[in-house]
Amino acid sequence: MAILPIITAPDPRLKLIAKPVDKVDDNLRKFLDDMLETMYDSEGIGLAATQVGDLRRVLVLDVAQKEGGKEPMFFINPEITWESPEENVYLEGCLSLPGQFADVVRPKTVKVKFLDYNGKAQEIEADELLATCIQHEIDHLNGVVFVDHISSMKRDIIMRKLKKEKRLAQTS
Ligand code: NI
C-alpha cells in the first residue's frame, strides 16, 4: 500500500467532476486500499478519489475509528437515492481544507446505492454522522467542497486563510 498526496484548496482539481467506474478489479481495489491507508495516515474519516487527483467515482470512509475501532467502508459509483426532509448540522472539516471547520446543514438520513469492494451492488440507509460523511464525500466527486454550503462571507474567510497558508508553504 502507499500513501497518496492529498490535494489542498484552493486547487482547480478539486472542482472537477469524477467519472463512473466501469469495472471493479484488482487495480481498482489496490487504489481503494491506498486511499484507505492515506485517510488513516491523515486521521480523516473520509476520502474521495478527487482529493488525491484521481477522477474515478470512488470514496472510502471510516466513521467508527472515532470511537477507536476500525470499520472501513468502500463506495464505488455512489448515488444518493433518497434524502430525509429532516436535516441536521455537523461541524465539518476536510483533509483538503486543513485546519478549517464550519457548521454545515444537510439531510439527516440518506439512502445510497453503490458497488462495494467486490463489485456487488448494495443500497444502505445512513443516518447522522455516516449520512453527513457520505454526502460530503459524494460532493467531492461532483467538484463540491463543504464550504460551498456555507455563507459566501464565511467561505471567503476560510479560502483566504488557505490561500495564504499555501503561499507561505511555497515560499518557505
Ligand atoms: Ni472533504
# chains A, B, ... in the order shown; residues from 1 in each chain; ligands from 1

call {"tool": "closest_atom_pairs", "arguments": {"of": "chain A", "to": "ligand 1", "cutoff": "8 Å", "atoms": "only C-alpha atoms and all ligand atoms", "output": "CSV"}}
result
residue,atom,partner,partner_atom_place_in_ligand_line,distance
A:Gly46,CA,ligand 1,1 (Ni),6.9
A:Leu47,CA,ligand 1,1 (Ni),6.4
A:Ala48,CA,ligand 1,1 (Ni),7.2
A:Gln51,CA,ligand 1,1 (Ni),7.6
A:Gly93,CA,ligand 1,1 (Ni),6.7
A:Cys94,CA,ligand 1,1 (Ni),3.8
A:Leu95,CA,ligand 1,1 (Ni),5.7
A:Ser96,CA,ligand 1,1 (Ni),6.0
A:Leu97,CA,ligand 1,1 (Ni),7.4
A:His136,CA,ligand 1,1 (Ni),6.1
A:Glu137,CA,ligand 1,1 (Ni),5.9
A:His140,CA,ligand 1,1 (Ni),6.6
A:Val145,CA,ligand 1,1 (Ni),6.3
A:Phe146,CA,ligand 1,1 (Ni),6.9

call {"tool": "write_last_selection", "arguments": {"atoms": "C-alpha atoms", "output": "PDB file, in the first residue's frame"}}
result
ATOM      1  CA  GLY A  46     -13.480  10.031   4.732  1.00  0.00           C
ATOM      2  CA  LEU A  47     -11.581  10.499   1.489  1.00  0.00           C
ATOM      3  CA  ALA A  48     -12.770  10.829  -2.111  1.00  0.00           C
ATOM      4  CA  GLN A  51      -8.763  14.599  -3.285  1.00  0.00           C
ATOM      5  CA  GLY A  93     -13.715  19.595   8.272  1.00  0.00           C
ATOM      6  CA  CYS A  94     -11.862  18.198   5.272  1.00  0.00           C
ATOM      7  CA  LEU A  95      -8.377  16.837   4.582  1.00  0.00           C
ATOM      8  CA  SER A  96      -8.296  19.162   1.563  1.00  0.00           C
ATOM      9  CA  LEU A  97      -9.058  22.212   3.736  1.00  0.00           C
ATOM     10  CA  HIS A 136     -19.579  15.295   1.987  1.00  0.00           C
ATOM     11  CA  GLU A 137     -17.543  12.724   0.025  1.00  0.00           C
ATOM     12  CA  HIS A 140     -16.108  15.872  -3.763  1.00  0.00           C
ATOM     13  CA  VAL A 145     -16.382  21.104  -1.026  1.00  0.00           C
ATOM     14  CA  PHE A 146     -18.119  21.722   2.307  1.00  0.00           C
TER      15      PHE A 146
END

call {"tool": "select_by_dssp", "arguments": {"residues": "segment 5-170 of chain A", "states": "helix (DSSP H, G or I)", "output": "number ranges by chain"}}
result
A: 12-15, 26-41, 49-52, 65-67, 128-141, 146-149, 152-170

call {"tool": "residues_around", "arguments": {"residues": "Val89 of chain A", "least_positions_apart": "4", "cutoff": "9 Å", "atoms": "only C-alpha atoms", "output": "VMD selection string"}}
result
chain A and resid 103 to 108 132

call {"tool": "write_last_selection", "arguments": {"atoms": "C-alpha atoms", "output": "PDB file, in the first residue's frame"}}
result
ATOM      1  CA  ASP A 103     -21.256  24.068  10.520  1.00  0.00           C
ATOM      2  CA  VAL A 104     -22.976  22.510   7.515  1.00  0.00           C
ATOM      3  CA  VAL A 105     -26.699  21.703   7.243  1.00  0.00           C
ATOM      4  CA  ARG A 106     -27.554  18.524   5.327  1.00  0.00           C
ATOM      5  CA  PRO A 107     -30.338  15.924   5.215  1.00  0.00           C
ATOM      6  CA  LYS A 108     -30.141  13.841   8.402  1.00  0.00           C
ATOM      7  CA  THR A 132     -23.129  13.578   6.562  1.00  0.00           C
TER       8      THR A 132
END

call {"tool": "closest_atom_pairs", "arguments": {"of": "segment 1-82 of chain A", "to": "segment 150-163 of chain A", "cutoff": "10 Å", "atoms": "only C-alpha atoms", "output": "JSON lines"}}
result
{"residue": "A:Thr8", "atom": "CA", "partner": "A:Leu162", "partner_atom": "CA", "distance": 8.4}
{"residue": "A:Ala9", "atom": "CA", "partner": "A:Leu162", "partner_atom": "CA", "distance": 6.6}
{"residue": "A:Pro10", "atom": "CA", "partner": "A:Lys163", "partner_atom": "CA", "distance": 6.5}
{"residue": "A:Asp11", "atom": "CA", "partner": "A:Lys163", "partner_atom": "CA", "distance": 9.7}

call {"tool": "residues_around", "arguments": {"residues": "Leu32 of chain A", "least_positions_apart": "4", "cutoff": "9 Å", "atoms": "only C-alpha atoms", "output": "MDAnalysis selection string"}}
result
chainID A and resid 27:28 36:37 49 58:60 74 117

call {"tool": "residues_around", "arguments": {"residues": "Thr38 of chain A", "least_positions_apart": "2", "cutoff": "9 Å", "atoms": "only C-alpha atoms", "output": "list of chain:residue names"}}
result
A:Ala2, A:Ile3, A:Leu4, A:Pro5, A:Ile6, A:Asp33, A:Asp34, A:Met35, A:Leu36, A:Tyr40, A:Asp41, A:Ser42, A:Glu43, A:Gly44, A:Leu47

call {"tool": "write_last_selection", "arguments": {"atoms": "N, CA, C and O atoms", "output": "mmCIF file, in the first residue's frame"}}
result
data_model
loop_
_atom_site.group_PDB
_atom_site.id
_atom_site.type_symbol
_atom_site.label_atom_id
_atom_site.label_comp_id
_atom_site.auth_asym_id
_atom_site.auth_seq_id
_atom_site.Cartn_x
_atom_site.Cartn_y
_atom_site.Cartn_z
ATOM 1 N N ALA A 2 0.279 2.340 -0.316
ATOM 2 C CA ALA A 2 1.048 3.579 -0.442
ATOM 3 C C ALA A 2 0.229 4.758 0.062
ATOM 4 O O ALA A 2 -0.999 4.741 -0.021
ATOM 5 N N ILE A 3 0.944 5.737 0.601
ATOM 6 C CA ILE A 3 0.295 6.980 0.999
ATOM 7 C C ILE A 3 0.291 7.905 -0.212
ATOM 8 O O ILE A 3 1.335 8.163 -0.798
ATOM 9 N N LEU A 4 -0.893 8.386 -0.570
ATOM 10 C CA LEU A 4 -1.021 9.255 -1.741
ATOM 11 C C LEU A 4 -1.028 10.716 -1.297
ATOM 12 O O LEU A 4 -1.555 11.035 -0.225
ATOM 13 N N PRO A 5 -0.459 11.619 -2.098
ATOM 14 C CA PRO A 5 -0.502 13.039 -1.726
ATOM 15 C C PRO A 5 -1.925 13.596 -1.848
ATOM 16 O O PRO A 5 -2.612 13.329 -2.839
ATOM 17 N N ILE A 6 -2.351 14.325 -0.821
ATOM 18 C CA ILE A 6 -3.705 14.908 -0.802
ATOM 19 C C ILE A 6 -3.648 16.343 -1.318
ATOM 20 O O ILE A 6 -2.807 17.132 -0.891
ATOM 21 N N ASP A 33 -7.361 0.543 -1.451
ATOM 22 C CA ASP A 33 -6.519 0.249 -0.283
ATOM 23 C C ASP A 33 -5.564 1.416 -0.008
ATOM 24 O O ASP A 33 -5.364 1.805 1.138
ATOM 25 N N ASP A 34 -4.990 1.956 -1.070
ATOM 26 C CA ASP A 34 -4.086 3.106 -0.919
ATOM 27 C C ASP A 34 -4.842 4.318 -0.370
ATOM 28 O O ASP A 34 -4.338 5.053 0.478
ATOM 29 N N MET A 35 -6.065 4.526 -0.867
ATOM 30 C CA MET A 35 -6.873 5.643 -0.365
ATOM 31 C C MET A 35 -7.165 5.475 1.118
ATOM 32 O O MET A 35 -7.105 6.436 1.897
ATOM 33 N N LEU A 36 -7.492 4.245 1.515
ATOM 34 C CA LEU A 36 -7.806 3.994 2.924
ATOM 35 C C LEU A 36 -6.582 4.260 3.798
ATOM 36 O O LEU A 36 -6.681 4.912 4.841
ATOM 37 N N TYR A 40 -6.323 7.021 6.812
ATOM 38 C CA TYR A 40 -5.927 6.705 8.194
ATOM 39 C C TYR A 40 -4.669 7.484 8.587
ATOM 40 O O TYR A 40 -4.566 8.007 9.690
ATOM 41 N N ASP A 41 -3.727 7.554 7.652
ATOM 42 C CA ASP A 41 -2.467 8.246 7.925
ATOM 43 C C ASP A 41 -2.704 9.719 8.261
ATOM 44 O O ASP A 41 -1.993 10.312 9.066
ATOM 45 N N SER A 42 -3.755 10.310 7.642
ATOM 46 C CA SER A 42 -4.056 11.729 7.875
ATOM 47 C C SER A 42 -5.108 11.921 8.957
ATOM 48 O O SER A 42 -5.557 13.035 9.199
ATOM 49 N N GLU A 43 -5.518 10.809 9.580
ATOM 50 C CA GLU A 43 -6.540 10.848 10.627
ATOM 51 C C GLU A 43 -7.838 11.463 10.147
ATOM 52 O O GLU A 43 -8.486 12.223 10.863
ATOM 53 N N GLY A 44 -8.225 11.132 8.916
ATOM 54 C CA GLY A 44 -9.517 11.570 8.397
ATOM 55 C C GLY A 44 -10.534 10.464 8.577
ATOM 56 O O GLY A 44 -10.183 9.316 8.859
ATOM 57 N N LEU A 47 -12.452 9.990 2.551
ATOM 58 C CA LEU A 47 -11.581 10.499 1.489
ATOM 59 C C LEU A 47 -12.178 10.113 0.135
ATOM 60 O O LEU A 47 -12.560 8.967 -0.073
#

call {"tool": "closest_residue", "arguments": {"among": "A:Leu16, A:Ile76, A:Leu168, A:Ile134", "to": "Leu61 of chain A", "atoms": "only C-alpha atoms"}}
result
A:Ile134

call {"tool": "select_by_dssp", "arguments": {"residues": "chain A", "states": "strand (DSSP E or B)", "output": "number ranges by chain"}}
result
A: 19, 46-48, 56, 58-61, 73-83, 87-92, 102-107, 109-115, 121-127

call {"tool": "closest_residue", "arguments": {"among": "A:Phe114, A:Asp139, A:Glu165, A:Ile80", "to": "Ala18 of chain A", "atoms": "only C-alpha atoms"}}
result
A:Asp139

call {"tool": "closest_residue", "arguments": {"among": "A:Ile45, A:Ile138, A:Leu115, A:Val21", "to": "Gln65 of chain A", "atoms": "only C-alpha atoms"}}
result
A:Ile45

call {"tool": "atom_distance", "arguments": {"atom1": "atom CA of Pro98 of chain A", "atom2": "atom CA of Asn142 of chain A"}}
result
19.9 Å
